[in-house]
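S.K.: Below are the C-alpha cells for one structure; questions will follow.
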Amino acid sequence: MSLDQPQLDTSPPVSDEVRKTTCYMCACRCGINVHMKEGKVAYIEGNKDHPVNKGVLCAKGSAGIMQHNAPSRLRAPLKRVGERGSGEFEEISWEEALTLATDWLAPVREKHPEKLAFFTGRDQSQSFTSFWAQGFGTPNYAAHGGFCSVNMAAAGIYTMGGAFWEFGQPDWDHTKLFMLFGVAEDHDSNPIKMGIGKIKKRGARMIGVNPIRTGYNAVADDWVGITPGTDGLFILAMVHCLMKAGKVDLDYLARFTNASVLVNEDAKSDEFGLFLRDADGQPQVIDRQTGKLAPWNGKGVEPDLSGTHRAKGITHRPVFHQMADRYLSDEYAPEAVADRCGIPAQRIRALAADLARVAFDEAIELDRPWTDFRGLKHDKMVGRPVSFHAMRGISAHSNGFQTCRALHVLQIILGSVEVPGGMRFKPPYPKPATAHPKPHGKVTPGAALDGPHLGYTHGPEDLLLDTEGNPTRIDKAYSWENPMSAHGLMHMVISNAHAGVPYKIDTLFMYMANMSWNSSMNVGGVHKMLTDKDENGDYVIPHIIYSDAYSSEMVAYADLIFPDTTYLERHDCISLLDRPICEADGVADAIRWPVVEPDRDVRGFQSVLCELGARLNLPGFVNEDGGQKYKDYADYITNHMRRPGVGPLAGFRKGKDGPQGGRGDVNPNQIQDYIDNGGFWVEHVPENAAYYKPFSMDYQDWAVKMGFYDAVQPYIFQLYVEPLRKFQAAAEGIGTRQPPEHLRERLKRTMDPLPIWYGPLEDDQIDLDEYPIHALTQRPMAMYHSWGTQNAWLRQIHGHNPLYVPTKIWEANGFQEGDWAKVSSTHGSIVVPVAHQASLNANTVWTWNAIGKRKGAWALDEKAPEATKGFLLNHLIHELLPPKGDGLRWANSDPITGQAAWFDLRVKIEKSAIPNEAQPVMPSIKSPVPKGPSNLAWKVGK
Ligand code: SF4
C-alpha cells in the first residue's frame, strides 16, 4: 500500500461570509450564523458565543432558510379589488399604499382617534408599535399576550415582579428538583432543552404536570397527567400539605414577603381586607425586637409572622394567618381534590413531601455575602433547590390567573424564588407591579394618548371607563369585565368592533396576526364579521389594513396590505424596553439586520410605521420642521431616546471613554457595533447581586447604574395582592366607583387577594354529561408561528394533525387506526382523523394547533395535506360563553385578566364515516401570490 495519501481538505469553506443575526423562527431569539455564498443564504448554524443558545440550533432555526425562500412571500403592496374575503387584489406602489392609509387614518386621528384599533401578533417590536399607537392617540392597542399567556405574566408581576420564560428561569446549575406545569415545546424551546439536558446530566429529577405526555413531559422522570383546568386545585392541595407539615420557609416568608404585613380583619370597616399603613402609606408589620408596629422596609426591622395588632377596636393580623385559615382547611386536603384533579391523594402527598425534602433537607449554600434592603448583612446565600416552570397550559383557562398565582405562592412558601437552586429573574426583571405604568386611555382628538396603553391597575380608580362607566377600549380591557387585563384582549377586538360595542370603529390595523384563522375562536363567525355589510352596503368594519410577510389566511380579509420582509431581510431590536433576551446571570439585548436584501418590493413593517407616522404628523415621528424624524426602523433604533440615557438598545451606547453598556448617549455606530459583536450585547450581573434581586441592595444599585430604573426600588413578594381586594371590596359596595350589578357576584367570587380555585366558567354553563371530554391544543416543538406549516422542511415533520384520543375513549368508541370522528362542542362540530395515545389524561383529547391551512392560502396546493387532513379546533370554541338565560353573553375569558380561555373547551366525540376531507371545508380563497412548485430545490454556489 502506498504511503502517499492524497491531501484531502476535510473542512472546505462552505461559505464566502458569515453574517451573525438573531433567529425569529420562534420567540427564543437564539443567535445564528447565516452562511452566505455568492450573496445568497447557504445555511444557518447556531452562534456559539450567544448568551441564549450557546451554539444550539433547533429544527426550526435551521429551516429558516426555507422560510426566507418561501413561495408564499408577498411581493408588493396590495389593494383589494374584489369583495372582502375573496383574495382578489391588485399590486400597487408604496406611494399609493401609504397615501391610501394616510387618507383613511388622518381624518380618524383628527376627530376620533379611538376609531383606529391597532393590534399586533407575535412580533417583537411592541415597545415601538405601542409608541406609534400612543402618538396616534388611540387607546386601542395591544398585542398577542391577551390570547396567549397574560395570566402567567400578570400573576407573576403582581405576585413576585416577574414570571417565567422571558422574565425568569430555573437555576439550571443548582436545581435538584424541576417541576414543569402545562408547557408545550414552543414555550420555550432551546433554553429549556439545554436546561433539561444540564439537570439530567447532574442526575436532578424532573416532574412534568400536563394532561398530555409529549416533548418535555415525555423525558420527565415523573409525569402527572392532570385533568385540564384543575392545576390550581392540585397546587393548593400541595400548599395545604406543606403548611400542615410545617414545611415552609418561615424566615424567608417573614423577611421577603408580605406574609408578615398586617391586614384589617373587621368586616364592618371600609378598610376590611386592606393593609394597615403608616402616615407615609407604608404597610405595617410587627417588629419582633420591639413588639411594636414598624414599616415593612424599616432599617433593622425583623418582621413577625405571628403577632396581632388591635387598635381602635379593629384587629389586624398578618397575611400568614389568613393563609393558614384558608389553606389548612379540609377543602384543600388531597382527598378532597383527588378525583377532580385525576391524581390520587397519596400521590399529591408524596409530591408535596418530595418538594419539602429537596427544599429543606437538601438545601444548598453559596459563600457569597450580600446586604438586604433593611441593612442586614448576610454572609452566605441559602438555596432551596426546587424550581418550576409553567406556561399556557395552566394559564389559558378562565381560572388561569388565580392558578398561576397559586403556583407562585407554592414557590414562595418553599423559599425557592431568587435563591440558589430555585427560580431566578432575568434582568431587567424583577420589577413589581407598582414600578410598571398604569394603563392610559384618555383620548384627545388630533393629539397623543395621555400615556402608555398597557399597565397594571391597583384599584377601581385605575379602570379605563367613561363617565357612564362604559369601557373606553374596544376590547373592554381594564373594565369591570376584566379589571387587570395587562395585555388587552385581542381575541375580542373583531367581535366587539362588529357589534359596535362599546362603539364602532373605522379602521382595523393589524400586524402579523392570523386573526381570520388559527388566532381566532369561532373562525366562521369571524369571517362573517369581517365581511358583513350594513344597511347602506358598506362594510361594518369600514377599513382593514394588514401587514404580513406571507400570503396568510388573514390577507384575504384586508383592504390594504403592507408586505413585510422576512426576518433575514430586516432590522429589529430585541430591546430591554420590550421582551429582552437576558439570562439570570446577565442582561442582554440583540438586533436583527438585513443579512440579505429583499428581492421583492417589500419593506419592514416598522420602517413603514416610521413613514406613516410622519405622514400623519404623529408626535415622536416628525422633526420640528415637520420632516420625517426616522428614515427607517434602524434610524429609530439608533437615535430614539425613551428616557435620558436610555434607548431601544442598551449595549454600545456612547460614553465618555467610548461605547458602554446600560445608560449612555446616542452612538451613531451602534448597529455596526452590534454586528461586529455577533448581533448581541451582554453584561454580567455581579456575583454578589446574582440572587435575592428584589431584596438585595447589591443588585438594586447595579440595576440603577444599568438604567433599568432611576432609583433603587426594593420590594417584597405579594402573597396577598391588595389591589385584588380593592376590586372585591368595590363589588361589596365599598367606594364611589362601583361595578354594574350583573358583575358584582363574579367580582366578589374571583378577585380574591389570596389564590383560590374555582371551576372553569364554561363548566357552569353547559351540560357536562353531554360534553364530558376536555379538548386541548399544543404547538409542536418543530413549529411556533403559523408560518411553520408552509415551511418546506418543517411540513415534513407535521403535514397534518390527527386528534389524539386516550385509551378509554378510544376503546369505548371502538376506534381503529385510520378512523375519523365527529367532535362537537356547544358551538359546532368538526370531522377529523383520530389516533390513539395512551400517555394522555383519560378524559382529554388534543391536537397540534395551526397545522390546518385554508385552501388557497400560503401558496400551498389545494390538495396539500394541511388543507385536506389538517384541521383547527378553533371551530369549536366561541369567543363568548353559551347563553345562560340572563340576556347577557359573557366573554370566554379569565374574568380578572381577560385571557382567552382556549383550554376550557368541552366536547363529545363519536365515530364518523370517513369524509373526503376534514370538515368543515371553507371555500378556497384566491392567492395574491402564485402556487409554489411541488419541489423546492436550488443550489447555492457551485
Ligand atoms: S429555539 Fe427558536 S430562536 Fe432558537 S434556533 Fe430554534 S427557532 Fe430559532
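How things are named: the first chain in the C-alpha cells is A, the next is B, and so on; residues count from 1 in each chain; ligands count from 1 in the order shown.
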Kindly provide, as an MDAnalysis selection string, all nucleotide and amino acid residues lying within 10 Å of ligand 1, counting only C-alpha atoms and all ligand atoms.

M.R.: chainID A and resid 22:32 44:47 52:53 55:64 185:193 781:785

S.K.: I'd like the neighbourhood of stretch 425-431 of chain A as a VMD selection string, where a residue qualifies if any of its atoms comes within 9 Å (using only C-alpha atoms), though same-chain residues fewer than 6 positions away should be ignored.

M.R.: chain A and resid 157 160 to 170 417 to 418 576 to 577 580 to 588 685 691 693 to 694 703 706 to 709 713 715

S.K.: Rank A:Glu879, A:Asp222, A:Glu90, A:Asp635 by their smallest atom-to-atom distance to A:Leu560, using only C-alpha atoms, and report the top residue only.

M.R.: A:Glu90

S.K.: Atom CA of A:Glu365 to atom CA of A:Phe256: how many Å, to one decimal?

M.R.: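 Taking atom CA of A:Glu365 as the start and atom CA of A:Phe256 as the end point, the length is 18.0 Å.
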
S.K.: Using only C-alpha atoms, determine which residues lie at most 12 Å from A:Pro13, disregarding the query and same-chain residues fewer than 2 positions distant; provide the list as a PyMOL selection string.

M.R.: chain A and resi 9-11+15-18+35-37+42+941

S.K.: I need the chosen residues saved as a PDB file, in the first residue's frame, with N, CA and C atoms.

M.R.:
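Once everything was written out, this is selection-v2.pdb:
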ATOM      1  N   ASP A   9      -8.927  18.064   1.815  1.00  0.00           N
ATOM      2  CA  ASP A   9      -9.390  19.181   2.659  1.00  0.00           C
ATOM      3  C   ASP A   9     -10.649  18.703   3.383  1.00  0.00           C
ATOM      4  N   THR A  10     -10.497  18.392   4.661  1.00  0.00           N
ATOM      5  CA  THR A  10     -11.646  17.832   5.394  1.00  0.00           C
ATOM      6  C   THR A  10     -12.626  18.910   5.859  1.00  0.00           C
ATOM      7  N   SER A  11     -12.235  20.143   5.758  1.00  0.00           N
ATOM      8  CA  SER A  11     -13.132  21.235   6.145  1.00  0.00           C
ATOM      9  C   SER A  11     -13.152  22.326   5.092  1.00  0.00           C
ATOM     10  N   SER A  15     -18.797  28.709   2.887  1.00  0.00           N
ATOM     11  CA  SER A  15     -19.449  29.983   2.602  1.00  0.00           C
ATOM     12  C   SER A  15     -18.398  31.039   2.335  1.00  0.00           C
ATOM     13  N   ASP A  16     -18.844  32.100   1.676  1.00  0.00           N
ATOM     14  CA  ASP A  16     -17.936  33.218   1.430  1.00  0.00           C
ATOM     15  C   ASP A  16     -17.862  34.119   2.657  1.00  0.00           C
ATOM     16  N   GLU A  17     -18.920  34.105   3.419  1.00  0.00           N
ATOM     17  CA  GLU A  17     -19.028  35.064   4.517  1.00  0.00           C
ATOM     18  C   GLU A  17     -20.050  34.557   5.533  1.00  0.00           C
ATOM     19  N   VAL A  18     -19.826  34.871   6.810  1.00  0.00           N
ATOM     20  CA  VAL A  18     -20.811  34.516   7.838  1.00  0.00           C
ATOM     21  C   VAL A  18     -21.391  35.804   8.398  1.00  0.00           C
ATOM     22  N   HIS A  35     -24.652  31.615   6.914  1.00  0.00           N
ATOM     23  CA  HIS A  35     -23.560  31.437   5.946  1.00  0.00           C
ATOM     24  C   HIS A  35     -24.031  31.862   4.563  1.00  0.00           C
ATOM     25  N   MET A  36     -23.270  32.752   3.960  1.00  0.00           N
ATOM     26  CA  MET A  36     -23.650  33.316   2.667  1.00  0.00           C
ATOM     27  C   MET A  36     -22.726  32.767   1.584  1.00  0.00           C
ATOM     28  N   LYS A  37     -23.271  32.443   0.473  1.00  0.00           N
ATOM     29  CA  LYS A  37     -22.457  32.052  -0.692  1.00  0.00           C
ATOM     30  C   LYS A  37     -22.994  32.818  -1.890  1.00  0.00           C
ATOM     31  N   ALA A  42     -26.753  30.249   2.356  1.00  0.00           N
ATOM     32  CA  ALA A  42     -26.388  28.864   2.052  1.00  0.00           C
ATOM     33  C   ALA A  42     -26.839  27.925   3.170  1.00  0.00           C
ATOM     34  N   GLY A 941     -24.195  28.516  -4.860  1.00  0.00           N
ATOM     35  CA  GLY A 941     -22.776  28.354  -5.184  1.00  0.00           C
ATOM     36  C   GLY A 941     -22.591  27.253  -6.221  1.00  0.00           C
TER      37      GLY A 941
END

S.K.: Considering only C-alpha atoms, give me a table of residues in stretch 489-546 of chain A that are at most 12 Å from stretch 843-852 of chain A, with the closest atom pair and distance in Å for each, as JSON lines.

M.R.:
{"residue": "A:Asn514", "atom": "CA", "partner": "A:Ala850", "partner_atom": "CA", "distance": 10.0}
{"residue": "A:Met515", "atom": "CA", "partner": "A:Ala850", "partner_atom": "CA", "distance": 11.8}
{"residue": "A:Ser516", "atom": "CA", "partner": "A:Ala850", "partner_atom": "CA", "distance": 11.9}
{"residue": "A:Trp517", "atom": "CA", "partner": "A:Ala850", "partner_atom": "CA", "distance": 8.3}
{"residue": "A:Asn518", "atom": "CA", "partner": "A:Ala850", "partner_atom": "CA", "distance": 5.4}
{"residue": "A:Ser519", "atom": "CA", "partner": "A:Ala850", "partner_atom": "CA", "distance": 8.3}
{"residue": "A:Ser520", "atom": "CA", "partner": "A:Ala850", "partner_atom": "CA", "distance": 10.8}

S.K.: Could you give me the residues within stretch 536-724 of chain A that DSSP places in helix (DSSP H, G or I), as a VMD selection string?

M.R.: chain A and resid 553 to 557 605 to 615 633 to 639 670 to 676 687 to 689 697 to 706 722 to 724

S.K.: I'd like the interatomic distance between atom CA of A:Ala153 and atom CA of A:Ile877, to a tenth of an Å.

M.R.: 23.4 Å

S.K.: Tell me, as a ChimeraX atom specification, which residues lie within 12 Å of A:Ala311, counting only C-alpha atoms; anything in the same chain fewer than 6 positions away does not count.

M.R.: /A:262,264-266,276,293,317

S.K.: From the set A:Ala433, A:Val319, A:Met510, A:Ala558, which residue has the shortest atom-to-atom contact distance to A:Ala154, counting only C-alpha atoms?

M.R.: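 Smallest separation from A:Ala154 among the options: A:Ala433.
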
S.K.: Identify which of the residues A:Leu840, A:Val382, A:Phe136, A:Leu74 lies closest to A:Pro107, counting only C-alpha atoms when measuring atom-to-atom distances.

M.R.: A:Phe136

S.K.: For A:Pro460, please output as a PDB file with N, CA, C and O atoms, in the first residue's frame all residues within 9 Å (counting only C-alpha atoms; exclusion window: fewer than 6 positions along the same chain).

M.R.:
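Written file, selection.pdb:
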ATOM      1  N   SER A 479     -61.778  47.118  32.138  1.00  0.00           N
ATOM      2  CA  SER A 479     -63.140  47.465  32.544  1.00  0.00           C
ATOM      3  C   SER A 479     -63.513  46.502  33.672  1.00  0.00           C
ATOM      4  O   SER A 479     -62.736  45.610  34.019  1.00  0.00           O
ATOM      5  N   TRP A 480     -64.720  46.628  34.197  1.00  0.00           N
ATOM      6  CA  TRP A 480     -65.137  45.734  35.270  1.00  0.00           C
ATOM      7  C   TRP A 480     -65.198  44.286  34.793  1.00  0.00           C
ATOM      8  O   TRP A 480     -65.184  43.361  35.586  1.00  0.00           O
ATOM      9  N   PRO A 483     -60.686  43.542  35.066  1.00  0.00           N
ATOM     10  CA  PRO A 483     -60.023  44.734  35.612  1.00  0.00           C
ATOM     11  C   PRO A 483     -58.494  44.744  35.496  1.00  0.00           C
ATOM     12  O   PRO A 483     -57.887  45.806  35.536  1.00  0.00           O
ATOM     13  N   PRO A 723     -54.507  45.013  45.608  1.00  0.00           N
ATOM     14  CA  PRO A 723     -55.390  45.553  44.566  1.00  0.00           C
ATOM     15  C   PRO A 723     -56.568  44.630  44.236  1.00  0.00           C
ATOM     16  O   PRO A 723     -57.664  45.108  43.935  1.00  0.00           O
ATOM     17  N   LYS A 726     -59.214  45.375  46.597  1.00  0.00           N
ATOM     18  CA  LYS A 726     -59.894  46.658  46.348  1.00  0.00           C
ATOM     19  C   LYS A 726     -61.020  46.476  45.333  1.00  0.00           C
ATOM     20  O   LYS A 726     -62.090  47.082  45.470  1.00  0.00           O
ATOM     21  N   PHE A 727     -60.789  45.657  44.311  1.00  0.00           N
ATOM     22  CA  PHE A 727     -61.864  45.398  43.344  1.00  0.00           C
ATOM     23  C   PHE A 727     -62.986  44.594  44.005  1.00  0.00           C
ATOM     24  O   PHE A 727     -64.168  44.828  43.777  1.00  0.00           O
ATOM     25  N   ALA A 730     -65.052  46.841  46.158  1.00  0.00           N
ATOM     26  CA  ALA A 730     -65.986  47.657  45.362  1.00  0.00           C
ATOM     27  C   ALA A 730     -67.231  46.834  45.041  1.00  0.00           C
ATOM     28  O   ALA A 730     -68.363  47.340  45.117  1.00  0.00           O
ATOM     29  N   GLY A 735     -66.769  52.187  48.355  1.00  0.00           N
ATOM     30  CA  GLY A 735     -66.135  53.129  47.424  1.00  0.00           C
ATOM     31  C   GLY A 735     -67.127  53.756  46.458  1.00  0.00           C
ATOM     32  O   GLY A 735     -68.274  53.335  46.340  1.00  0.00           O
ATOM     33  N   ARG A 737     -66.536  54.268  43.043  1.00  0.00           N
ATOM     34  CA  ARG A 737     -66.569  53.682  41.702  1.00  0.00           C
ATOM     35  C   ARG A 737     -67.097  52.258  41.826  1.00  0.00           C
ATOM     36  O   ARG A 737     -66.423  51.376  42.368  1.00  0.00           O
ATOM     37  N   GLN A 738     -68.303  52.052  41.347  1.00  0.00           N
ATOM     38  CA  GLN A 738     -68.998  50.789  41.579  1.00  0.00           C
ATOM     39  C   GLN A 738     -69.197  49.995  40.286  1.00  0.00           C
ATOM     40  O   GLN A 738     -69.462  50.569  39.231  1.00  0.00           O
ATOM     41  N   PRO A 739     -69.091  48.670  40.367  1.00  0.00           N
ATOM     42  CA  PRO A 739     -69.306  47.844  39.172  1.00  0.00           C
ATOM     43  C   PRO A 739     -70.789  47.748  38.823  1.00  0.00           C
ATOM     44  O   PRO A 739     -71.639  47.973  39.693  1.00  0.00           O
TER      45      PRO A 739
END

S.K.: Within 6 Å of stretch 144-148 of chain A, counting only C-alpha atoms, which residues show up once you throw out same-chain ones fewer than 3 positions away? Write them as a PyMOL selection string, please.

M.R.: chain A and resi 121-122+487-490+899-900

S.K.: How would the residues just picked look written out with all heavy atoms as a PDB file, in the first residue's frame?

M.R.:
ATOM      1  N   GLY A 121     -49.407  40.890  16.472  1.00  0.00           N
ATOM      2  CA  GLY A 121     -49.362  39.491  16.892  1.00  0.00           C
ATOM      3  C   GLY A 121     -48.075  39.147  17.594  1.00  0.00           C
ATOM      4  O   GLY A 121     -47.665  39.834  18.523  1.00  0.00           O
ATOM      5  N   ARG A 122     -47.428  38.075  17.109  1.00  0.00           N
ATOM      6  CA  ARG A 122     -46.215  37.603  17.768  1.00  0.00           C
ATOM      7  C   ARG A 122     -44.989  38.368  17.251  1.00  0.00           C
ATOM      8  O   ARG A 122     -43.979  37.773  16.897  1.00  0.00           O
ATOM      9  CB  ARG A 122     -46.032  36.119  17.492  1.00  0.00           C
ATOM     10  CG  ARG A 122     -46.850  35.242  18.412  1.00  0.00           C
ATOM     11  CD  ARG A 122     -46.739  33.808  18.018  1.00  0.00           C
ATOM     12  NE  ARG A 122     -46.974  32.947  19.185  1.00  0.00           N
ATOM     13  CZ  ARG A 122     -47.083  31.626  19.135  1.00  0.00           C
ATOM     14  NH1 ARG A 122     -46.993  31.001  17.985  1.00  0.00           N
ATOM     15  NH2 ARG A 122     -47.285  30.926  20.227  1.00  0.00           N
ATOM     16  N   HIS A 487     -52.524  42.814  29.165  1.00  0.00           N
ATOM     17  CA  HIS A 487     -52.096  42.715  27.762  1.00  0.00           C
ATOM     18  C   HIS A 487     -53.236  42.970  26.784  1.00  0.00           C
ATOM     19  O   HIS A 487     -53.107  42.668  25.602  1.00  0.00           O
ATOM     20  CB  HIS A 487     -51.497  41.333  27.477  1.00  0.00           C
ATOM     21  CG  HIS A 487     -50.182  41.106  28.151  1.00  0.00           C
ATOM     22  ND1 HIS A 487     -49.479  39.934  28.059  1.00  0.00           N
ATOM     23  CD2 HIS A 487     -49.426  41.911  28.955  1.00  0.00           C
ATOM     24  CE1 HIS A 487     -48.357  40.014  28.756  1.00  0.00           C
ATOM     25  NE2 HIS A 487     -48.312  41.204  29.322  1.00  0.00           N
ATOM     26  N   GLY A 488     -54.367  43.475  27.256  1.00  0.00           N
ATOM     27  CA  GLY A 488     -55.507  43.685  26.359  1.00  0.00           C
ATOM     28  C   GLY A 488     -56.170  42.361  25.988  1.00  0.00           C
ATOM     29  O   GLY A 488     -55.789  41.285  26.464  1.00  0.00           O
ATOM     30  N   LEU A 489     -57.201  42.451  25.141  1.00  0.00           N
ATOM     31  CA  LEU A 489     -57.954  41.245  24.749  1.00  0.00           C
ATOM     32  C   LEU A 489     -58.080  41.207  23.228  1.00  0.00           C
ATOM     33  O   LEU A 489     -59.133  41.493  22.662  1.00  0.00           O
ATOM     34  CB  LEU A 489     -59.365  41.249  25.349  1.00  0.00           C
ATOM     35  CG  LEU A 489     -59.541  40.986  26.829  1.00  0.00           C
ATOM     36  CD1 LEU A 489     -59.304  42.236  27.650  1.00  0.00           C
ATOM     37  CD2 LEU A 489     -60.940  40.477  27.080  1.00  0.00           C
ATOM     38  N   MET A 490     -57.024  40.828  22.571  1.00  0.00           N
ATOM     39  CA  MET A 490     -57.030  40.831  21.112  1.00  0.00           C
ATOM     40  C   MET A 490     -58.152  39.953  20.544  1.00  0.00           C
ATOM     41  O   MET A 490     -58.703  40.247  19.491  1.00  0.00           O
ATOM     42  CB  MET A 490     -55.679  40.333  20.618  1.00  0.00           C
ATOM     43  CG  MET A 490     -55.508  40.478  19.142  1.00  0.00           C
ATOM     44  SD  MET A 490     -53.769  40.447  18.776  1.00  0.00           S
ATOM     45  CE  MET A 490     -53.820  40.511  17.012  1.00  0.00           C
ATOM     46  N   GLN A 899     -57.747  36.957  29.770  1.00  0.00           N
ATOM     47  CA  GLN A 899     -57.056  35.967  28.928  1.00  0.00           C
ATOM     48  C   GLN A 899     -58.053  35.018  28.282  1.00  0.00           C
ATOM     49  O   GLN A 899     -58.982  34.520  28.940  1.00  0.00           O
ATOM     50  CB  GLN A 899     -56.054  35.167  29.762  1.00  0.00           C
ATOM     51  CG  GLN A 899     -55.807  33.781  29.214  1.00  0.00           C
ATOM     52  CD  GLN A 899     -54.364  33.383  29.024  1.00  0.00           C
ATOM     53  OE1 GLN A 899     -53.477  33.842  29.732  1.00  0.00           O
ATOM     54  NE2 GLN A 899     -54.124  32.525  28.060  1.00  0.00           N
ATOM     55  N   ALA A 900     -57.862  34.753  26.992  1.00  0.00           N
ATOM     56  CA  ALA A 900     -58.733  33.823  26.257  1.00  0.00           C
ATOM     57  C   ALA A 900     -58.661  32.445  26.898  1.00  0.00           C
ATOM     58  O   ALA A 900     -57.578  31.912  27.128  1.00  0.00           O
ATOM     59  CB  ALA A 900     -58.276  33.747  24.810  1.00  0.00           C
TER      60      ALA A 900
END

S.K.: Please provide as a count of residues only all residues within 10 Å of A:Ala359, with the sequence filter that same-chain residues fewer than 6 positions apart are discarded (counting only C-alpha atoms).

M.R.: 17

S.K.: Pick the closest to A:Arg213 from A:Gln670, A:Lys853, A:Ala396, A:Gln778: which is it, counting only C-alpha atoms?

M.R.: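 Distance minimum relative to A:Arg213 lands on A:Gln778.
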
S.K.: For atom CA of A:Met554 and atom CA of A:Asn151, quote the distance in Å rounded to one decimal.

M.R.: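 Atom CA of A:Met554 sits 26.3 Å away from atom CA of A:Asn151.
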
S.K.: Determine the nearest neighbour of A:Ile830 from the options A:Glu917, A:Asp904, A:Asp599, A:Asp767, counting only C-alpha atoms.

M.R.: A:Glu917

S.K.: Among stretch 128-375 of chain A, which ones does DSSP assign to strand (DSSP E) (computed from the backbone)? Answer as a ChimeraX atom specification.

M.R.: /A:141-142,168-170,177-181,205-209,222-224,262-264,284-286,293-295,309-311,314-318,364-366,370-371

S.K.: Output as JSON lines one row per residue of stretch 700-795 of chain A within 10 Å of stretch 805-828 of chain A: the closest atom pair and its distance in Å to one decimal place, counting only C-alpha atoms, sorted by chain and residue number ascending.

M.R.:
{"residue": "A:Gln765", "atom": "CA", "partner": "A:Thr826", "partner_atom": "CA", "distance": 10.0}
{"residue": "A:Ile766", "atom": "CA", "partner": "A:Thr826", "partner_atom": "CA", "distance": 7.6}
{"residue": "A:Asp767", "atom": "CA", "partner": "A:Thr826", "partner_atom": "CA", "distance": 9.1}
{"residue": "A:Glu770", "atom": "CA", "partner": "A:Ser825", "partner_atom": "CA", "distance": 9.3}
{"residue": "A:Tyr771", "atom": "CA", "partner": "A:Ser825", "partner_atom": "CA", "distance": 6.9}
{"residue": "A:Ile773", "atom": "CA", "partner": "A:Ile809", "partner_atom": "CA", "distance": 9.1}
{"residue": "A:Ala775", "atom": "CA", "partner": "A:Ser825", "partner_atom": "CA", "distance": 9.6}

S.K.: With C-alpha atoms retained, could you export that selection as a PDB file, in the first residue's frame?

M.R.:
ATOM      1  CA  GLN A 765     -72.996  26.775  31.527  1.00  0.00           C
ATOM      2  CA  ILE A 766     -73.021  23.521  29.629  1.00  0.00           C
ATOM      3  CA  ASP A 767     -74.317  20.031  30.231  1.00  0.00           C
ATOM      4  CA  GLU A 770     -73.399  15.703  27.184  1.00  0.00           C
ATOM      5  CA  TYR A 771     -69.928  17.228  26.766  1.00  0.00           C
ATOM      6  CA  ILE A 773     -64.413  15.413  27.368  1.00  0.00           C
ATOM      7  CA  ALA A 775     -60.178  19.206  24.326  1.00  0.00           C
TER       8      ALA A 775
END
